[in-house]
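Trainee: I'm passing along upload-v3.txt; it holds compact mmCIF, C-alpha atoms and all ligand atoms.
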# COMPACT_ATOMS: atom_id res chain seq x y z
CA MET A 1 42.30 -133.21 64.95
CA VAL A 2 45.98 -132.88 65.76
CA VAL A 3 48.50 -132.44 62.94
CA LYS A 4 52.21 -132.99 63.58
CA SER A 5 55.40 -133.04 61.55
CA GLU A 6 57.51 -136.19 61.51
CA ASP A 7 59.77 -134.81 64.27
CA GLY A 8 56.71 -134.59 66.54
CA ARG A 9 56.22 -130.78 66.29
CA LYS A 10 52.55 -129.81 66.55
CA LEU A 11 51.58 -127.89 63.38
CA ARG A 12 47.94 -127.37 64.12
CA SER A 13 45.04 -128.66 66.16
CA PHE A 14 41.34 -127.94 65.79
CA LYS A 15 37.86 -129.21 66.55
CA PHE A 16 35.79 -130.07 63.48
CA LYS A 17 32.63 -128.57 65.00
CA GLU A 18 34.36 -125.22 65.54
CA GLU A 19 35.76 -125.11 62.01
CA ALA A 20 32.48 -125.94 60.26
CA GLU A 21 29.06 -126.30 61.82
CA GLY A 22 27.62 -129.82 61.87
CA GLN A 23 30.98 -131.46 61.15
CA GLU A 24 32.32 -134.35 63.16
CA VAL A 25 34.44 -137.44 62.59
CA ARG A 26 33.04 -140.86 63.32
CA ALA A 27 35.54 -143.68 63.13
CA VAL A 28 33.69 -146.97 62.68
CA GLU A 29 35.26 -150.40 62.50
CA ARG A 30 34.27 -152.05 59.22
CA ARG A 31 33.13 -155.25 60.96
CA ILE A 32 30.79 -153.31 63.26
CA LEU A 33 29.29 -151.36 60.36
CA LEU A 34 28.65 -154.54 58.35
CA GLU A 35 27.15 -156.37 61.36
CA THR A 36 24.92 -153.39 62.15
CA LEU A 37 23.61 -153.21 58.59
CA ALA A 38 23.18 -157.00 58.32
CA ASN A 39 21.29 -157.16 61.65
CA ARG A 40 18.62 -154.82 60.29
CA LEU A 41 17.67 -157.38 57.62
CA PRO A 42 15.58 -160.54 58.01
CA SER A 43 17.94 -163.35 58.98
CA ASP A 44 17.41 -165.40 55.81
CA SER A 45 18.00 -162.50 53.39
CA ILE A 46 21.81 -162.72 53.24
CA CYS A 47 23.68 -165.69 51.82
CA PHE A 48 27.34 -165.37 52.85
CA SER A 49 30.35 -166.89 51.03
CA SER A 50 28.62 -166.63 47.65
CA LYS A 51 31.44 -165.78 45.27
CA LEU A 52 30.34 -164.80 41.79
CA ALA A 53 32.12 -166.67 39.01
CA LYS A 54 30.07 -165.71 35.93
CA ILE A 55 27.30 -163.35 34.92
CA GLU A 56 25.25 -163.33 31.71
CA LYS A 57 21.90 -162.19 30.29
CA THR A 58 19.28 -164.77 29.46
CA GLY A 59 16.96 -164.71 26.44
CA THR A 60 14.09 -163.62 28.74
CA GLY A 61 15.88 -160.44 29.88
CA GLU A 62 16.80 -161.77 33.31
CA THR A 63 20.38 -162.07 34.59
CA LEU A 64 21.98 -165.42 35.33
CA LEU A 65 24.57 -165.42 38.11
CA GLU A 66 26.81 -168.43 38.56
CA LEU A 67 28.70 -168.83 41.82
CA VAL A 68 32.06 -170.56 42.18
CA ASP A 69 30.36 -173.51 43.91
CA GLY A 70 28.22 -173.99 40.80
CA THR A 71 24.99 -172.52 42.23
CA GLN A 72 22.96 -170.64 39.62
CA LEU A 73 20.72 -167.67 40.46
CA LEU A 74 18.26 -166.05 38.10
CA ALA A 75 17.64 -162.37 38.91
CA LYS A 76 15.34 -159.61 37.67
CA VAL A 77 17.55 -156.94 39.28
CA VAL A 78 21.24 -157.25 40.15
CA ILE A 79 22.96 -154.66 42.36
CA GLY A 80 26.70 -155.06 41.85
CA CYS A 81 28.38 -153.93 45.08
CA ASP A 82 31.33 -156.30 44.76
CA GLY A 83 34.12 -153.82 45.39
CA ILE A 84 37.12 -152.45 43.59
CA ARG A 85 37.85 -155.58 41.50
CA SER A 86 34.16 -156.04 40.66
CA PRO A 87 33.58 -158.82 38.11
CA ILE A 88 30.18 -157.23 37.41
CA ALA A 89 31.79 -153.86 36.52
CA LYS A 90 34.23 -155.68 34.25
CA TRP A 91 31.34 -157.50 32.55
CA MET A 92 29.62 -154.11 32.03
CA GLY A 93 32.70 -152.81 30.21
CA PHE A 94 34.44 -150.77 32.94
CA SER A 95 38.23 -150.54 32.87
CA GLU A 96 40.47 -151.75 35.69
CA PRO A 97 41.00 -149.06 38.37
CA HIS A 98 44.06 -146.87 37.79
CA TYR A 99 47.01 -146.89 40.22
CA ALA A 100 47.43 -143.45 41.85
CA GLY A 101 51.16 -143.71 42.65
CA HIS A 102 50.91 -144.42 46.37
CA CYS A 103 50.10 -147.33 48.65
CA ALA A 104 48.84 -147.64 52.22
CA TYR A 105 49.65 -149.84 55.17
CA ARG A 106 46.75 -150.19 57.56
CA GLY A 107 46.00 -151.94 60.83
CA LEU A 108 44.03 -151.91 64.04
CA GLY A 109 45.92 -151.53 67.33
CA PHE A 110 44.29 -153.60 70.08
CA TYR A 111 44.60 -152.56 73.75
CA PRO A 112 42.78 -155.23 75.83
CA ASN A 113 42.98 -153.05 78.96
CA GLY A 114 41.77 -149.90 77.21
CA GLN A 115 43.50 -147.65 74.69
CA PRO A 116 45.21 -144.56 76.14
CA PHE A 117 44.36 -141.91 73.54
CA GLU A 118 42.17 -138.80 73.46
CA PRO A 119 39.30 -138.99 70.91
CA ASN A 120 41.35 -137.21 68.22
CA VAL A 121 42.31 -137.84 64.64
CA ASN A 122 46.12 -137.74 64.76
CA TYR A 123 47.92 -136.91 61.54
CA VAL A 124 51.69 -136.85 60.87
CA TYR A 125 53.16 -135.31 57.70
CA GLY A 126 56.50 -136.45 56.30
CA ARG A 127 58.07 -136.23 52.83
CA GLY A 128 56.22 -138.37 50.32
CA LEU A 129 54.93 -140.11 53.40
CA ARG A 130 52.12 -139.46 55.86
CA ALA A 131 50.55 -141.42 58.65
CA GLY A 132 47.76 -141.20 61.16
CA PHE A 133 45.82 -142.91 63.88
CA VAL A 134 42.39 -142.54 65.40
CA PRO A 135 40.66 -144.42 68.22
CA VAL A 136 37.65 -146.39 66.97
CA SER A 137 36.50 -147.94 70.27
CA PRO A 138 37.57 -148.08 73.93
CA THR A 139 40.05 -150.86 73.00
CA LYS A 140 40.90 -150.31 69.33
CA VAL A 141 42.90 -147.71 67.39
CA TYR A 142 42.97 -147.55 63.58
CA TRP A 143 46.24 -146.47 61.94
CA PHE A 144 47.52 -145.94 58.40
CA ILE A 145 50.70 -145.02 56.56
CA CYS A 146 50.49 -143.69 53.02
CA PHE A 147 53.70 -143.80 50.94
CA ASN A 148 54.83 -143.08 47.39
CA SER A 149 55.76 -146.05 45.25
CA PRO A 150 56.40 -146.10 41.49
CA SER A 151 54.48 -149.37 41.17
CA PRO A 152 51.80 -151.14 43.22
CA GLY A 153 54.47 -153.68 44.26
CA PRO A 154 53.97 -157.33 45.16
CA ARG A 155 51.08 -158.54 47.26
CA ILE A 156 52.32 -159.12 50.83
CA ASP A 157 50.18 -161.14 53.23
CA ASP A 158 52.76 -162.08 55.86
CA PRO A 159 51.79 -159.98 58.94
CA PHE A 160 55.34 -160.08 60.35
CA SER A 161 56.75 -158.51 57.15
CA LEU A 162 53.91 -155.98 56.98
CA LYS A 163 54.49 -154.80 60.55
CA LYS A 164 58.26 -154.68 60.07
CA GLU A 165 58.02 -152.69 56.82
CA ALA A 166 55.47 -150.28 58.27
CA ARG A 167 57.61 -149.63 61.35
CA GLU A 168 60.75 -149.23 59.26
CA MET A 169 59.07 -146.65 57.06
CA ILE A 170 58.33 -144.29 59.95
CA LYS A 171 61.40 -144.95 62.07
CA GLY A 172 62.02 -141.95 64.35
CA TRP A 173 58.44 -140.61 64.01
CA PRO A 174 56.30 -139.92 67.12
CA SER A 175 56.52 -142.98 69.38
CA GLU A 176 52.74 -143.17 69.99
CA LEU A 177 52.25 -144.05 66.31
CA LEU A 178 54.88 -146.79 66.49
CA ASN A 179 53.20 -148.09 69.62
CA VAL A 180 49.81 -148.38 67.87
CA ILE A 181 51.46 -150.38 65.08
CA ASP A 182 53.13 -152.68 67.63
CA MET A 183 49.76 -153.36 69.25
CA SER A 184 48.11 -154.40 65.96
CA ALA A 185 46.51 -157.80 65.69
CA GLU A 186 48.06 -159.78 62.82
CA ASP A 187 44.80 -160.30 60.94
CA THR A 188 44.17 -156.54 60.72
CA LEU A 189 47.39 -155.68 58.86
CA SER A 190 47.34 -154.94 55.13
CA ARG A 191 49.21 -153.19 52.36
CA THR A 192 47.00 -151.77 49.59
CA PRO A 193 47.89 -149.99 46.34
CA LEU A 194 45.58 -146.97 46.07
CA THR A 195 43.56 -146.80 42.87
CA ASP A 196 40.64 -144.95 41.36
CA ARG A 197 38.48 -144.77 38.24
CA TRP A 198 37.59 -141.46 36.63
CA LEU A 199 34.10 -141.70 35.19
CA TRP A 200 34.50 -139.44 32.16
CA PRO A 201 31.17 -138.57 30.51
CA ILE A 202 30.50 -140.29 27.16
CA ILE A 203 33.67 -142.44 27.41
CA SER A 204 32.69 -144.26 30.59
CA PRO A 205 30.10 -147.07 30.31
CA SER A 206 26.73 -146.64 31.97
CA ALA A 207 26.51 -147.94 35.54
CA SER A 208 23.05 -149.33 34.87
CA ALA A 209 21.85 -151.52 32.02
CA ASP A 210 19.12 -154.13 31.62
CA GLY A 211 18.38 -154.60 35.32
CA VAL A 212 22.03 -154.54 36.44
CA VAL A 213 23.43 -151.58 38.41
CA LEU A 214 26.69 -150.76 40.18
CA VAL A 215 27.11 -149.32 43.67
CA GLY A 216 30.14 -148.16 45.69
CA ASP A 217 33.70 -149.09 44.75
CA ALA A 218 32.45 -151.41 42.01
CA TRP A 219 31.38 -148.26 40.12
CA HIS A 220 33.53 -145.43 41.46
CA PRO A 221 36.67 -146.53 43.29
CA MET A 222 38.36 -143.42 44.68
CA THR A 223 41.58 -142.88 46.62
CA PRO A 224 40.99 -142.55 50.39
CA ASN A 225 42.53 -139.07 50.66
CA LEU A 226 39.20 -137.48 51.58
CA GLY A 227 37.94 -140.52 53.52
CA GLN A 228 34.84 -140.68 51.33
CA GLY A 229 34.80 -144.02 49.45
CA GLY A 230 32.79 -145.91 52.05
CA CYS A 231 30.61 -142.87 52.78
CA CYS A 232 29.77 -142.59 49.07
CA ALA A 233 28.90 -146.29 48.91
CA LEU A 234 26.40 -145.73 51.74
CA GLU A 235 25.01 -142.64 49.99
CA ASP A 236 24.61 -144.70 46.80
CA ALA A 237 22.63 -147.28 48.75
CA ILE A 238 20.28 -144.63 50.12
CA VAL A 239 19.64 -142.99 46.75
CA LEU A 240 19.20 -146.33 44.97
CA SER A 241 16.76 -147.55 47.65
CA ARG A 242 14.66 -144.42 47.26
CA LYS A 243 14.57 -144.69 43.48
CA LEU A 244 13.64 -148.39 43.53
CA ALA A 245 11.02 -147.87 46.25
CA GLY A 246 9.58 -144.97 44.22
CA ALA A 247 9.31 -147.16 41.12
CA LEU A 248 7.71 -150.06 42.96
CA LYS A 249 5.22 -147.85 44.82
CA SER A 250 4.18 -145.53 42.00
CA GLY A 251 3.91 -148.03 39.18
CA HIS A 252 4.64 -145.16 36.73
CA THR A 253 8.43 -145.56 36.68
CA SER A 254 10.00 -148.80 35.49
CA VAL A 255 12.79 -150.44 37.47
CA ASP A 256 15.22 -149.71 34.64
CA ASP A 257 14.24 -146.03 34.78
CA ALA A 258 14.78 -146.06 38.55
CA LEU A 259 18.29 -147.49 38.10
CA ARG A 260 19.06 -144.88 35.45
CA LEU A 261 17.75 -142.05 37.68
CA TYR A 262 20.03 -143.29 40.46
CA THR A 263 23.12 -143.13 38.24
CA THR A 264 22.13 -139.68 36.94
CA GLU A 265 21.70 -138.33 40.45
CA ARG A 266 24.93 -139.84 41.81
CA TRP A 267 27.36 -139.11 38.99
CA PRO A 268 27.69 -135.32 39.60
CA ARG A 269 28.67 -136.04 43.20
CA ILE A 270 30.99 -138.94 42.57
CA PHE A 271 33.01 -137.84 39.55
CA PRO A 272 34.31 -134.53 41.02
CA LEU A 273 34.94 -136.20 44.38
CA THR A 274 37.07 -138.92 42.76
CA ILE A 275 39.19 -136.31 40.99
CA ARG A 276 39.46 -134.14 44.08
CA ALA A 277 40.56 -137.09 46.24
CA ASN A 278 43.24 -137.92 43.67
CA LEU A 279 44.56 -134.33 43.53
CA VAL A 280 44.55 -133.97 47.32
CA GLY A 281 46.59 -137.20 47.46
CA ALA A 282 49.10 -135.82 44.96
CA LEU A 283 49.52 -132.67 47.10
CA LEU A 284 49.80 -134.55 50.38
CA GLN A 285 52.38 -136.96 48.96
CA TRP A 286 54.84 -134.22 47.97
CA GLU A 287 58.47 -135.22 48.47
CA ASN A 288 60.29 -131.97 47.72
CA PRO A 289 61.92 -130.84 51.03
CA VAL A 290 61.43 -127.10 50.36
CA VAL A 291 57.76 -127.58 49.50
CA CYS A 292 57.28 -129.76 52.60
CA ASP A 293 58.93 -127.11 54.81
CA ILE A 294 56.61 -124.41 53.43
CA ARG A 295 53.63 -126.73 53.96
CA ASN A 296 54.62 -127.39 57.58
CA SER A 297 55.60 -123.85 58.53
CA ILE A 298 53.05 -121.74 56.63
CA VAL A 299 50.35 -123.60 54.72
CA VAL A 300 49.05 -126.01 57.40
CA PRO A 301 49.38 -123.75 60.47
CA LYS A 302 48.36 -120.42 58.92
CA LEU A 303 46.75 -120.64 55.49
CA VAL A 304 44.49 -123.66 55.20
CA ARG A 305 40.83 -122.84 55.84
CA LEU A 306 38.97 -125.99 56.73
CA ARG A 307 35.35 -125.11 56.09
CA PRO A 308 35.64 -125.24 52.26
CA LEU A 309 37.79 -128.37 52.53
CA LEU A 310 35.10 -130.17 54.52
CA GLU A 311 32.15 -129.22 52.33
CA HIS A 312 32.47 -132.40 50.29
CA THR A 313 31.31 -134.43 53.29
CA ASN A 314 27.88 -132.76 53.37
CA PHE A 315 25.13 -135.04 52.16
CA THR A 316 21.50 -134.51 53.08
CA PHE A 317 18.65 -136.87 52.37
CA GLU A 318 15.14 -137.55 53.54
CA PRO A 319 14.93 -140.53 55.90
CA LEU A 320 14.07 -143.87 54.32
CA ASN A 321 10.60 -145.10 55.27
C1 LIG B 1 43.65 -147.23 52.79
C2 LIG B 1 42.18 -146.99 52.68
C3 LIG B 1 41.55 -146.13 53.58
C4 LIG B 1 40.19 -145.84 53.46
N1 LIG B 1 39.61 -144.95 54.33
C5 LIG B 1 38.31 -144.63 54.19
C6 LIG B 1 37.69 -143.70 55.08
O1 LIG B 1 38.32 -143.15 55.99
N2 LIG B 1 36.37 -143.40 54.89
C7 LIG B 1 35.64 -143.96 53.88
O2 LIG B 1 34.45 -143.65 53.76
N3 LIG B 1 36.20 -144.85 53.02
C8 LIG B 1 37.51 -145.19 53.15
N4 LIG B 1 38.08 -146.10 52.29
C9 LIG B 1 37.29 -146.62 51.17
C10 LIG B 1 36.35 -147.74 51.59
O3 LIG B 1 37.05 -148.79 52.20
C11 LIG B 1 35.62 -148.25 50.34
O4 LIG B 1 35.21 -147.19 49.54
C12 LIG B 1 34.42 -149.08 50.74
O5 LIG B 1 34.83 -150.24 51.43
C13 LIG B 1 33.60 -149.46 49.50
O6 LIG B 1 32.53 -150.25 49.91
P1 LIG B 1 31.91 -151.30 48.89
O7 LIG B 1 30.81 -151.98 49.65
O8 LIG B 1 31.59 -150.63 47.61
O9 LIG B 1 33.08 -152.34 48.56
P2 LIG B 1 33.84 -153.31 49.56
O10 LIG B 1 33.84 -152.78 50.94
O11 LIG B 1 35.15 -153.62 48.91
O12 LIG B 1 32.94 -154.62 49.56
C14 LIG B 1 32.86 -155.44 48.41
C15 LIG B 1 32.33 -156.79 48.82
O13 LIG B 1 32.18 -157.57 47.63
C16 LIG B 1 32.71 -158.85 47.86
N5 LIG B 1 33.15 -159.45 46.59
C17 LIG B 1 34.26 -159.17 45.86
N6 LIG B 1 34.29 -159.97 44.76
C18 LIG B 1 33.20 -160.75 44.81
C19 LIG B 1 32.69 -161.78 43.97
N7 LIG B 1 33.32 -162.19 42.87
N8 LIG B 1 31.53 -162.38 44.34
C20 LIG B 1 30.85 -162.01 45.46
N9 LIG B 1 31.29 -161.03 46.29
C21 LIG B 1 32.45 -160.42 45.96
C22 LIG B 1 33.88 -158.62 48.84
O14 LIG B 1 34.18 -159.81 49.53
C23 LIG B 1 33.30 -157.54 49.74
O15 LIG B 1 32.56 -158.10 50.79
C24 LIG B 1 39.43 -146.43 52.40
C25 LIG B 1 40.05 -147.32 51.51
C26 LIG B 1 41.41 -147.60 51.65
C27 LIG B 1 42.06 -148.55 50.67
Once you've parsed the file, please lay out its structure as structure tokens.
Ligand SMILES: Cc1cc2nc3c(=O)[nH]c(=O)nc-3n(C[C@H](O)[C@H](O)[C@H](O)COP(=O)(O)OP(=O)(O)OC[C@H]3O[C@@H](n4cnc5c(N)ncnc54)[C@H](O)[C@@H]3O)c2cc1C
Mentor:
Amino acid sequence: MVVKSEDGRKLRSFKFKEEAEGQEVRAVERRILLETLANRLPSDSICFSSKLAKIEKTGTGETLLELVDGTQLLAKVVIGCDGIRSPIAKWMGFSEPHYAGHCAYRGLGFYPNGQPFEPNVNYVYGRGLRAGFVPVSPTKVYWFICFNSPSPGPRIDDPFSLKKEAREMIKGWPSELLNVIDMSAEDTLSRTPLTDRWLWPIISPSASADGVVLVGDAWHPMTPNLGQGGCCALEDAIVLSRKLAGALKSGHTSVDDALRLYTTERWPRIFPLTIRANLVGALLQWENPVVCDIRNSIVVPKLVRLRPLLEHTNFTFEPLN
């Protein structure tokens, strides 16, 4: 990882493996991850473009799902992994995610003849503003800019405006970052308000009830400051699979118990991580020039110890059979 200030000064560089044993960064393009997961399933087990319009319980204890095209599905178990605006979470009584005070531009630089970068995570710190880029394949480079904003702002879909605004925001920053933005394909550009949901005990609804359970952002949206939202969704999937397989194999545990055991096991990991990601974001988005100078001249180069900061990424599990 290479950390720079906005004027291009190198503040620190390190190798994850040397800072903490077993640590490494793997940048994976979302499309590749989804295709890889989907390809492991029988071809007729996924029905794409099935947007949920309505969900309700039936008198027999099953769950009726109605899609926007009118299709009705009757289910014994529903796993709600429908993301940050999950209609299933809403139906289960969860509040809307809370805006964290900053937004992110994102995109994927495309270099048809090969991207020119070392395999590093490149980070640039500004005031109330930070950005980064990391190669994800021989031809693609992911980039982001995270900026303070008092409100989530309007939804912007026009790629020309998105690219222009992103460039404008980091005018004068290291040219390699601007170059990655310039190389971005239009359909990869986005501007996202960053939100999370703190799952306070007692106050927060249960993530499992009557054969319906939540997974990933639908349950625990978190800000991306630790890069853990997607990782946690995958962890959820592993734990839930094990609990359900255990119930089906043993015959002693009911499916509802399995869903409950999953939420009990996952909550102690997810709740502190959501709070920690939020607080890290608040620290990294500091605007005060004196504080930013101290961060760049003392805290980042000399004080920060990475091993404890990376511990949250450790997750061990027995392989699925
Ligand atoms: C700026 C930014 C940077 C991030 N960086 C990282 C990172 O570095 N590492 C990391 O691990 N995570 C990161 N994340 C978080 C990560 O993207 C999410 O946590 C992850 O995508 C959650 O996966 P999910 O499957 O729960 O939800 P999603 O990926 O949102 O998938 C939800 C799915 O549900 C579908 N859906 C929505 N509504 C309906 C409906 N009504 N009916 C049917 N389907 C529906 C959607 O189309 C989508 O396919 C980042 C997030 C942001 C915003």
Trainee: Could you give me the residues within 9 Å of ligand LIG 1 (chain B), counting only C-alpha atoms and all ligand atoms, as a PyMOL selection string?
Mentor: chain A and resi 27-28+30+48-54+67-68+80-88+103-106+144-146+190-195+214-234
Trainee: Compile the contact shell of Asp157 of chain A as a VMD selection string: residues with an atom at most 10 Å away, counting all atoms listed in the file, same-chain residues fewer than 3 positions apart removed.
Mentor: chain A and resid 154 160 to 162 186 to 187 189 to 191
Trainee: My list of candidates is A:Ile203, A:Ala277, A:Val291, A:Val134. Which is closest to Ser95 of chain A when distances are computed with all atoms listed in the file?
Mentor: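 When distances to Ser95 of chain A are compared using all atoms listed in the file, the smallest one comes from A:Ile203.
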Trainee: For segment 109-122 of chain A, list every protein, DNA or RNA residue within 9 Å, evaluated using all atoms listed in the file, and leave out those in the same chain fewer than 6 positions away; present the list as JSON, numbers by chain.
Mentor: {"A": [1, 2, 3, 4, 15, 25, 131, 132, 133, 134, 135, 136, 137, 138, 139, 140, 141, 142, 143, 177, 179, 180, 181, 182, 183, 184, 185, 188]}
Trainee: Rank nothing, just name the residue among A:Leu279, A:Ile238, A:Ala207, A:Val300 nearest to Arg260 of chain A, using only C-alpha atoms.
Mentor: A:Ala207
Trainee: Using all atoms listed in the file, which protein or nucleic acid residues come within 12 Å of Trp267 of chain A? Drop anything in the same chain fewer than 2 positions from it, and give the result as number ranges by chain.
Mentor: A: 198-201, 204, 206-208, 214-216, 219-220, 232, 235-236, 239, 260-265, 269-274
Trainee: Just checking: using only C-alpha atoms, which residue out of A:Pro152, A:Gly172, A:Pro205, A:Gly211 ends up closest to Glu62 of chain A?
Mentor: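 Using only C-alpha atoms, the shortest distance to Glu62 of chain A belongs to A:Gly211.
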Trainee: Mind pulling up the distance from atom CA of Asp44 of chain A to atom CA of Lys76 of chain A?
Mentor: 19.2 Å
Trainee: Considering all atoms listed in the file, return as a list in words whatever protein or nucleic-acid residues lie within 10 Å of Gly61 of chain A, sequence-local ones (same chain, fewer than 3 positions apart) excluded.
Mentor: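 In the requested format, the answer is Glu56, Lys57, Thr58, Leu64, Ala75, Lys76, Asp210 and Gly211 of chain A.
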Trainee: As an exercise, work out the distance from atom CA of Arg307 of chain A to atom CA of Arg12 of chain A in Å and give it to one decimal place.
Mentor: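 Atom CA of Arg12 of chain A lies 15.1 Å from atom CA of Arg307 of chain A.
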Trainee: One decimal, in Å: what's the spacing between atom CA of Arg9 of chain A and atom CA of Leu283 of chain A?
Mentor: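 Interatomic distance, atom CA of Arg9 of chain A to atom CA of Leu283 of chain A: 20.4 Å.
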Trainee: Using only C-alpha atoms, which of A:Phe94, A:Phe147, A:Val77, A:Lys17 sits nearest Leu284 of chain A?
Mentor: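 Selected residue with least distance to Leu284 of chain A: A:Phe147.
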Trainee: Out of A:Thr253, A:Ser297, A:Gln285, A:Thr36, which residue has the shortest atom-to-atom distance to Ala100 of chain A when counting all atoms listed in the file?
Mentor: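 Distance minimum relative to Ala100 of chain A lands on A:Gln285.
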Trainee: Env of Ser241 of chain A: 12 Å cut, atoms = only C-alpha atoms, seq-sep filter 6 positions within chain, self excluded. Answer as an MDAnalysis selection string.
Mentor: chainID A and resid 79 215 234:235 247:249 255 258:259 261:262 317:321
